[in-house]
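**Q** If it helps, the file is called work_37.txt and holds compact mmCIF, N, CA and C atoms:
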# COMPACT_ATOMS: atom_id res chain seq x y z
N MET A 1 25.28 -16.70 26.50
CA MET A 1 25.90 -16.14 25.32
C MET A 1 24.97 -15.06 24.75
N GLN A 2 25.54 -13.97 24.33
CA GLN A 2 24.77 -12.87 23.77
C GLN A 2 25.01 -12.80 22.27
N TYR A 3 23.89 -12.81 21.52
CA TYR A 3 23.98 -12.71 20.07
C TYR A 3 23.94 -11.25 19.67
N VAL A 4 24.69 -10.91 18.69
CA VAL A 4 24.72 -9.53 18.22
C VAL A 4 24.54 -9.51 16.71
N LEU A 5 23.61 -8.66 16.25
CA LEU A 5 23.45 -8.40 14.83
C LEU A 5 24.26 -7.16 14.52
N ARG A 6 25.04 -7.19 13.49
CA ARG A 6 25.88 -6.05 13.18
C ARG A 6 25.57 -5.50 11.81
N LYS A 7 25.45 -4.19 11.77
CA LYS A 7 25.30 -3.49 10.50
C LYS A 7 26.57 -2.67 10.32
N ARG A 8 27.29 -2.93 9.29
CA ARG A 8 28.57 -2.24 9.09
C ARG A 8 28.42 -1.15 8.04
N SER A 9 28.98 -0.03 8.36
CA SER A 9 29.07 1.04 7.38
C SER A 9 30.45 1.65 7.48
N ALA A 10 30.76 2.50 6.54
CA ALA A 10 32.08 3.12 6.53
C ALA A 10 32.28 4.04 7.73
N ARG A 11 31.20 4.64 8.23
CA ARG A 11 31.34 5.63 9.31
C ARG A 11 31.23 5.03 10.71
N SER A 12 30.38 4.01 10.87
CA SER A 12 30.20 3.48 12.21
C SER A 12 29.74 2.04 12.17
N VAL A 13 29.83 1.41 13.32
CA VAL A 13 29.34 0.06 13.47
C VAL A 13 28.25 0.11 14.54
N THR A 14 27.02 -0.29 14.16
CA THR A 14 25.91 -0.29 15.09
C THR A 14 25.67 -1.72 15.54
N GLU A 15 25.66 -1.92 16.86
CA GLU A 15 25.40 -3.25 17.38
C GLU A 15 23.99 -3.28 17.96
N LEU A 16 23.25 -4.30 17.60
CA LEU A 16 21.88 -4.45 18.04
C LEU A 16 21.73 -5.84 18.63
N THR A 17 21.42 -5.93 19.91
CA THR A 17 21.27 -7.23 20.53
C THR A 17 19.97 -7.87 20.07
N VAL A 18 19.88 -9.16 20.19
CA VAL A 18 18.66 -9.88 19.81
C VAL A 18 17.50 -9.39 20.65
N ARG A 19 17.73 -9.16 21.92
CA ARG A 19 16.66 -8.67 22.81
C ARG A 19 16.14 -7.32 22.34
N ARG A 20 17.04 -6.42 22.01
CA ARG A 20 16.63 -5.08 21.55
C ARG A 20 15.96 -5.17 20.19
N ALA A 21 16.44 -6.05 19.32
CA ALA A 21 15.83 -6.24 18.01
C ALA A 21 14.39 -6.72 18.16
N ARG A 22 14.16 -7.64 19.11
CA ARG A 22 12.79 -8.11 19.37
C ARG A 22 11.91 -6.96 19.85
N GLN A 23 12.44 -6.14 20.75
CA GLN A 23 11.68 -5.00 21.27
C GLN A 23 11.32 -4.03 20.13
N LEU A 24 12.28 -3.73 19.30
CA LEU A 24 12.05 -2.81 18.19
C LEU A 24 11.01 -3.38 17.23
N LEU A 25 11.14 -4.67 16.91
CA LEU A 25 10.21 -5.29 15.98
C LEU A 25 8.80 -5.35 16.56
N ALA A 26 8.67 -5.68 17.83
CA ALA A 26 7.35 -5.72 18.48
C ALA A 26 6.72 -4.34 18.51
N GLY A 27 7.50 -3.32 18.80
CA GLY A 27 6.99 -1.94 18.80
C GLY A 27 6.54 -1.51 17.42
N TRP A 28 7.33 -1.87 16.42
CA TRP A 28 6.97 -1.53 15.04
C TRP A 28 5.67 -2.23 14.65
N ALA A 29 5.55 -3.52 14.98
CA ALA A 29 4.36 -4.28 14.62
C ALA A 29 3.12 -3.71 15.29
N ALA A 30 3.23 -3.28 16.54
CA ALA A 30 2.09 -2.68 17.24
C ALA A 30 1.68 -1.38 16.54
N GLY A 31 2.64 -0.61 16.12
CA GLY A 31 2.36 0.63 15.40
C GLY A 31 1.70 0.35 14.06
N GLN A 32 2.12 -0.72 13.40
CA GLN A 32 1.53 -1.09 12.12
C GLN A 32 0.07 -1.50 12.28
N ASP A 33 -0.24 -2.22 13.38
CA ASP A 33 -1.63 -2.61 13.64
C ASP A 33 -2.50 -1.37 13.81
N ALA A 34 -2.02 -0.42 14.59
CA ALA A 34 -2.78 0.81 14.81
C ALA A 34 -2.91 1.61 13.51
N ALA A 35 -1.82 1.70 12.78
CA ALA A 35 -1.84 2.44 11.52
C ALA A 35 -2.76 1.77 10.51
N GLY A 36 -2.79 0.44 10.52
CA GLY A 36 -3.65 -0.30 9.60
C GLY A 36 -5.12 0.00 9.82
N SER A 37 -5.52 0.09 11.07
CA SER A 37 -6.93 0.39 11.32
C SER A 37 -7.27 1.82 10.93
N ARG A 38 -6.34 2.75 11.15
CA ARG A 38 -6.56 4.13 10.70
C ARG A 38 -6.57 4.19 9.18
N ARG A 39 -5.69 3.44 8.56
CA ARG A 39 -5.61 3.40 7.10
C ARG A 39 -6.93 2.96 6.50
N ASP A 40 -7.52 1.90 7.04
CA ASP A 40 -8.78 1.39 6.50
C ASP A 40 -9.87 2.46 6.57
N GLY A 41 -9.93 3.17 7.69
CA GLY A 41 -10.92 4.23 7.83
C GLY A 41 -10.73 5.35 6.82
N VAL A 42 -9.48 5.71 6.59
CA VAL A 42 -9.18 6.78 5.64
C VAL A 42 -9.52 6.33 4.22
N VAL A 43 -9.20 5.09 3.88
CA VAL A 43 -9.52 4.58 2.54
C VAL A 43 -11.03 4.52 2.36
N ARG A 44 -11.75 4.04 3.37
CA ARG A 44 -13.21 4.00 3.28
C ARG A 44 -13.79 5.39 3.06
N ALA A 45 -13.28 6.37 3.81
CA ALA A 45 -13.76 7.74 3.68
C ALA A 45 -13.47 8.28 2.27
N ALA A 46 -12.29 7.98 1.75
CA ALA A 46 -11.93 8.45 0.41
C ALA A 46 -12.83 7.84 -0.65
N VAL A 47 -13.09 6.53 -0.54
CA VAL A 47 -13.96 5.86 -1.50
C VAL A 47 -15.38 6.40 -1.38
N ASP A 48 -15.84 6.57 -0.15
CA ASP A 48 -17.18 7.13 0.07
C ASP A 48 -17.31 8.53 -0.51
N ALA A 49 -16.21 9.29 -0.47
CA ALA A 49 -16.23 10.66 -0.99
C ALA A 49 -16.20 10.70 -2.51
N GLY A 50 -15.91 9.55 -3.14
CA GLY A 50 -15.95 9.50 -4.60
C GLY A 50 -14.61 9.33 -5.28
N LEU A 51 -13.51 9.17 -4.53
CA LEU A 51 -12.23 8.94 -5.18
C LEU A 51 -12.24 7.59 -5.87
N SER A 52 -11.63 7.51 -7.02
CA SER A 52 -11.55 6.23 -7.73
C SER A 52 -10.48 5.35 -7.10
N LYS A 53 -10.58 4.07 -7.38
CA LYS A 53 -9.58 3.12 -6.89
C LYS A 53 -8.20 3.50 -7.40
N SER A 54 -8.13 3.93 -8.66
CA SER A 54 -6.84 4.33 -9.24
C SER A 54 -6.23 5.52 -8.51
N GLU A 55 -7.09 6.48 -8.15
CA GLU A 55 -6.57 7.65 -7.45
C GLU A 55 -6.12 7.31 -6.04
N VAL A 56 -6.88 6.46 -5.35
CA VAL A 56 -6.46 6.01 -4.01
C VAL A 56 -5.13 5.28 -4.12
N HIS A 57 -5.00 4.43 -5.12
CA HIS A 57 -3.75 3.69 -5.36
C HIS A 57 -2.59 4.65 -5.58
N ARG A 58 -2.80 5.63 -6.43
CA ARG A 58 -1.73 6.59 -6.75
C ARG A 58 -1.33 7.42 -5.53
N LEU A 59 -2.31 7.89 -4.78
CA LEU A 59 -2.03 8.75 -3.63
C LEU A 59 -1.47 8.00 -2.43
N ALA A 60 -2.01 6.81 -2.17
CA ALA A 60 -1.62 6.07 -0.97
C ALA A 60 -0.52 5.05 -1.24
N GLY A 61 -0.34 4.70 -2.51
CA GLY A 61 0.70 3.73 -2.83
C GLY A 61 0.37 2.32 -2.38
N MET A 62 -0.91 2.02 -2.21
CA MET A 62 -1.28 0.67 -1.80
C MET A 62 -1.83 -0.11 -2.98
N ALA A 63 -1.78 -1.41 -2.85
CA ALA A 63 -2.23 -2.29 -3.92
C ALA A 63 -3.73 -2.11 -4.16
N ARG A 64 -4.10 -2.23 -5.41
CA ARG A 64 -5.52 -2.11 -5.76
C ARG A 64 -6.34 -3.22 -5.12
N THR A 65 -5.73 -4.39 -4.94
CA THR A 65 -6.45 -5.49 -4.29
C THR A 65 -6.73 -5.16 -2.82
N THR A 66 -5.83 -4.44 -2.19
CA THR A 66 -6.05 -4.01 -0.80
C THR A 66 -7.20 -3.01 -0.75
N ILE A 67 -7.22 -2.09 -1.72
CA ILE A 67 -8.31 -1.12 -1.78
C ILE A 67 -9.63 -1.84 -2.01
N ASP A 68 -9.63 -2.84 -2.89
CA ASP A 68 -10.83 -3.64 -3.12
C ASP A 68 -11.30 -4.32 -1.84
N ARG A 69 -10.35 -4.88 -1.10
CA ARG A 69 -10.69 -5.57 0.14
C ARG A 69 -11.32 -4.60 1.13
N ILE A 70 -10.70 -3.44 1.30
CA ILE A 70 -11.21 -2.45 2.24
C ILE A 70 -12.56 -1.92 1.77
N ALA A 71 -12.66 -1.57 0.50
CA ALA A 71 -13.93 -1.06 -0.04
C ALA A 71 -14.99 -2.15 -0.04
N GLY A 72 -14.57 -3.41 -0.22
CA GLY A 72 -15.49 -4.53 -0.20
C GLY A 72 -16.16 -4.71 1.15
N THR A 73 -15.45 -4.36 2.21
CA THR A 73 -16.06 -4.47 3.54
C THR A 73 -17.18 -3.48 3.69
N ILE A 74 -17.08 -2.36 2.97
CA ILE A 74 -18.16 -1.35 3.00
C ILE A 74 -19.40 -1.95 2.33
N ALA A 75 -19.21 -2.49 1.13
CA ALA A 75 -20.33 -3.06 0.39
C ALA A 75 -20.96 -4.22 1.16
N ALA A 76 -20.14 -5.07 1.75
CA ALA A 76 -20.67 -6.21 2.50
C ALA A 76 -21.46 -5.75 3.71
N MET A 77 -20.98 -4.69 4.38
CA MET A 77 -21.70 -4.17 5.56
C MET A 77 -23.01 -3.52 5.16
N GLU A 78 -23.06 -2.89 4.00
CA GLU A 78 -24.29 -2.26 3.54
C GLU A 78 -25.34 -3.31 3.18
N GLU A 79 -24.88 -4.44 2.64
CA GLU A 79 -25.82 -5.51 2.27
C GLU A 79 -26.33 -6.25 3.49
N ASP A 80 -25.46 -6.51 4.48
CA ASP A 80 -25.82 -7.29 5.66
C ASP A 80 -25.19 -6.65 6.89
N PRO A 81 -25.79 -5.60 7.45
CA PRO A 81 -25.17 -4.83 8.53
C PRO A 81 -25.29 -5.45 9.93
N ARG A 82 -25.20 -6.74 10.06
CA ARG A 82 -25.32 -7.40 11.37
C ARG A 82 -24.37 -6.87 12.34
I'd like the structure from this file rewritten - as structure tokens, please.
**A**
Amino acid sequence: MQYVLRKRSARSVTELTVRRARQLLAGWAAGQDAAGSRRDGVVRAAVDAGLSKSEVHRLAGMARTTIDRIAGTIAAMEEDPR
């Protein structure tokens, strides 16, 4: 039996099989992992350059707690660079 997820709109009906949905989701998640590592580097560089947490938040649209976590890894590495 084949499961189908359907998104209905006035103009068209798009059918997405469960198999294809899994492929799309896995591809998206892999891209997010790669983007996340690039994001952390960019945030670190911005903080190192002197941008405030508020400005990083405003420009990047990320939570201040996320910025703290990323910036905190910088401080922790400076204290104990093992």
**Q** Rounded to one decimal, what separation in Å do you get between atom C of A:Met62 and atom N of A:Val42?
**A**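 Atom-to-atom, atom C of A:Met62 and atom N of A:Val42 are spaced 13.6 Å apart.
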**Q** In Å, how far is it from atom CA of A:Gly36 to atom CA of A:Thr17?
**A**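 Atom CA of A:Thr17 lies at a distance of 28.1 Å from atom CA of A:Gly36.
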**Q** My list of candidates is A:Val43, A:Gln23, A:Ala49, A:Asp33. Which is closest to A:Ile67 when distances are computed with all atoms listed in the file?
**A**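 Selected residue with least distance to A:Ile67: A:Val43.
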**Q** Which of stretch 4-68 of chain A end up as strand (DSSP E or B) when DSSP is run on this backbone - answer as a JSON list (two decimals) with N, CA and C atoms, in the frame of the given file?
**A**
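That gives us states31.json:
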[["chain", "number", "residue", "atom", "x", "y", "z"],
["A", 4, "VAL", "N", 24.69, -10.91, 18.69],
["A", 4, "VAL", "CA", 24.72, -9.53, 18.22],
["A", 4, "VAL", "C", 24.54, -9.51, 16.71],
["A", 5, "LEU", "N", 23.61, -8.66, 16.25],
["A", 5, "LEU", "CA", 23.45, -8.40, 14.83],
["A", 5, "LEU", "C", 24.26, -7.16, 14.52],
["A", 6, "ARG", "N", 25.04, -7.19, 13.49],
["A", 6, "ARG", "CA", 25.88, -6.05, 13.18],
["A", 6, "ARG", "C", 25.57, -5.50, 11.81],
["A", 7, "LYS", "N", 25.45, -4.19, 11.77],
["A", 7, "LYS", "CA", 25.30, -3.49, 10.50],
["A", 7, "LYS", "C", 26.57, -2.67, 10.32],
["A", 8, "ARG", "N", 27.29, -2.93, 9.29],
["A", 8, "ARG", "CA", 28.57, -2.24, 9.09],
["A", 8, "ARG", "C", 28.42, -1.15, 8.04],
["A", 13, "VAL", "N", 29.83, 1.41, 13.32],
["A", 13, "VAL", "CA", 29.34, 0.06, 13.47],
["A", 13, "VAL", "C", 28.25, 0.11, 14.54],
["A", 14, "THR", "N", 27.02, -0.29, 14.16],
["A", 14, "THR", "CA", 25.91, -0.29, 15.09],
["A", 14, "THR", "C", 25.67, -1.72, 15.54],
["A", 15, "GLU", "N", 25.66, -1.92, 16.86],
["A", 15, "GLU", "CA", 25.40, -3.25, 17.38],
["A", 15, "GLU", "C", 23.99, -3.28, 17.96],
["A", 16, "LEU", "N", 23.25, -4.30, 17.60],
["A", 16, "LEU", "CA", 21.88, -4.45, 18.04],
["A", 16, "LEU", "C", 21.73, -5.84, 18.63],
["A", 17, "THR", "N", 21.42, -5.93, 19.91],
["A", 17, "THR", "CA", 21.27, -7.23, 20.53],
["A", 17, "THR", "C", 19.97, -7.87, 20.07]]
**Q** As an exercise, work out the distance from atom CA of A:Asp40 to atom CA of A:Ile70 in Å and give it to one decimal place.
**A**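 Separation between atom CA of A:Asp40 and atom CA of A:Ile70: 6.2 Å.
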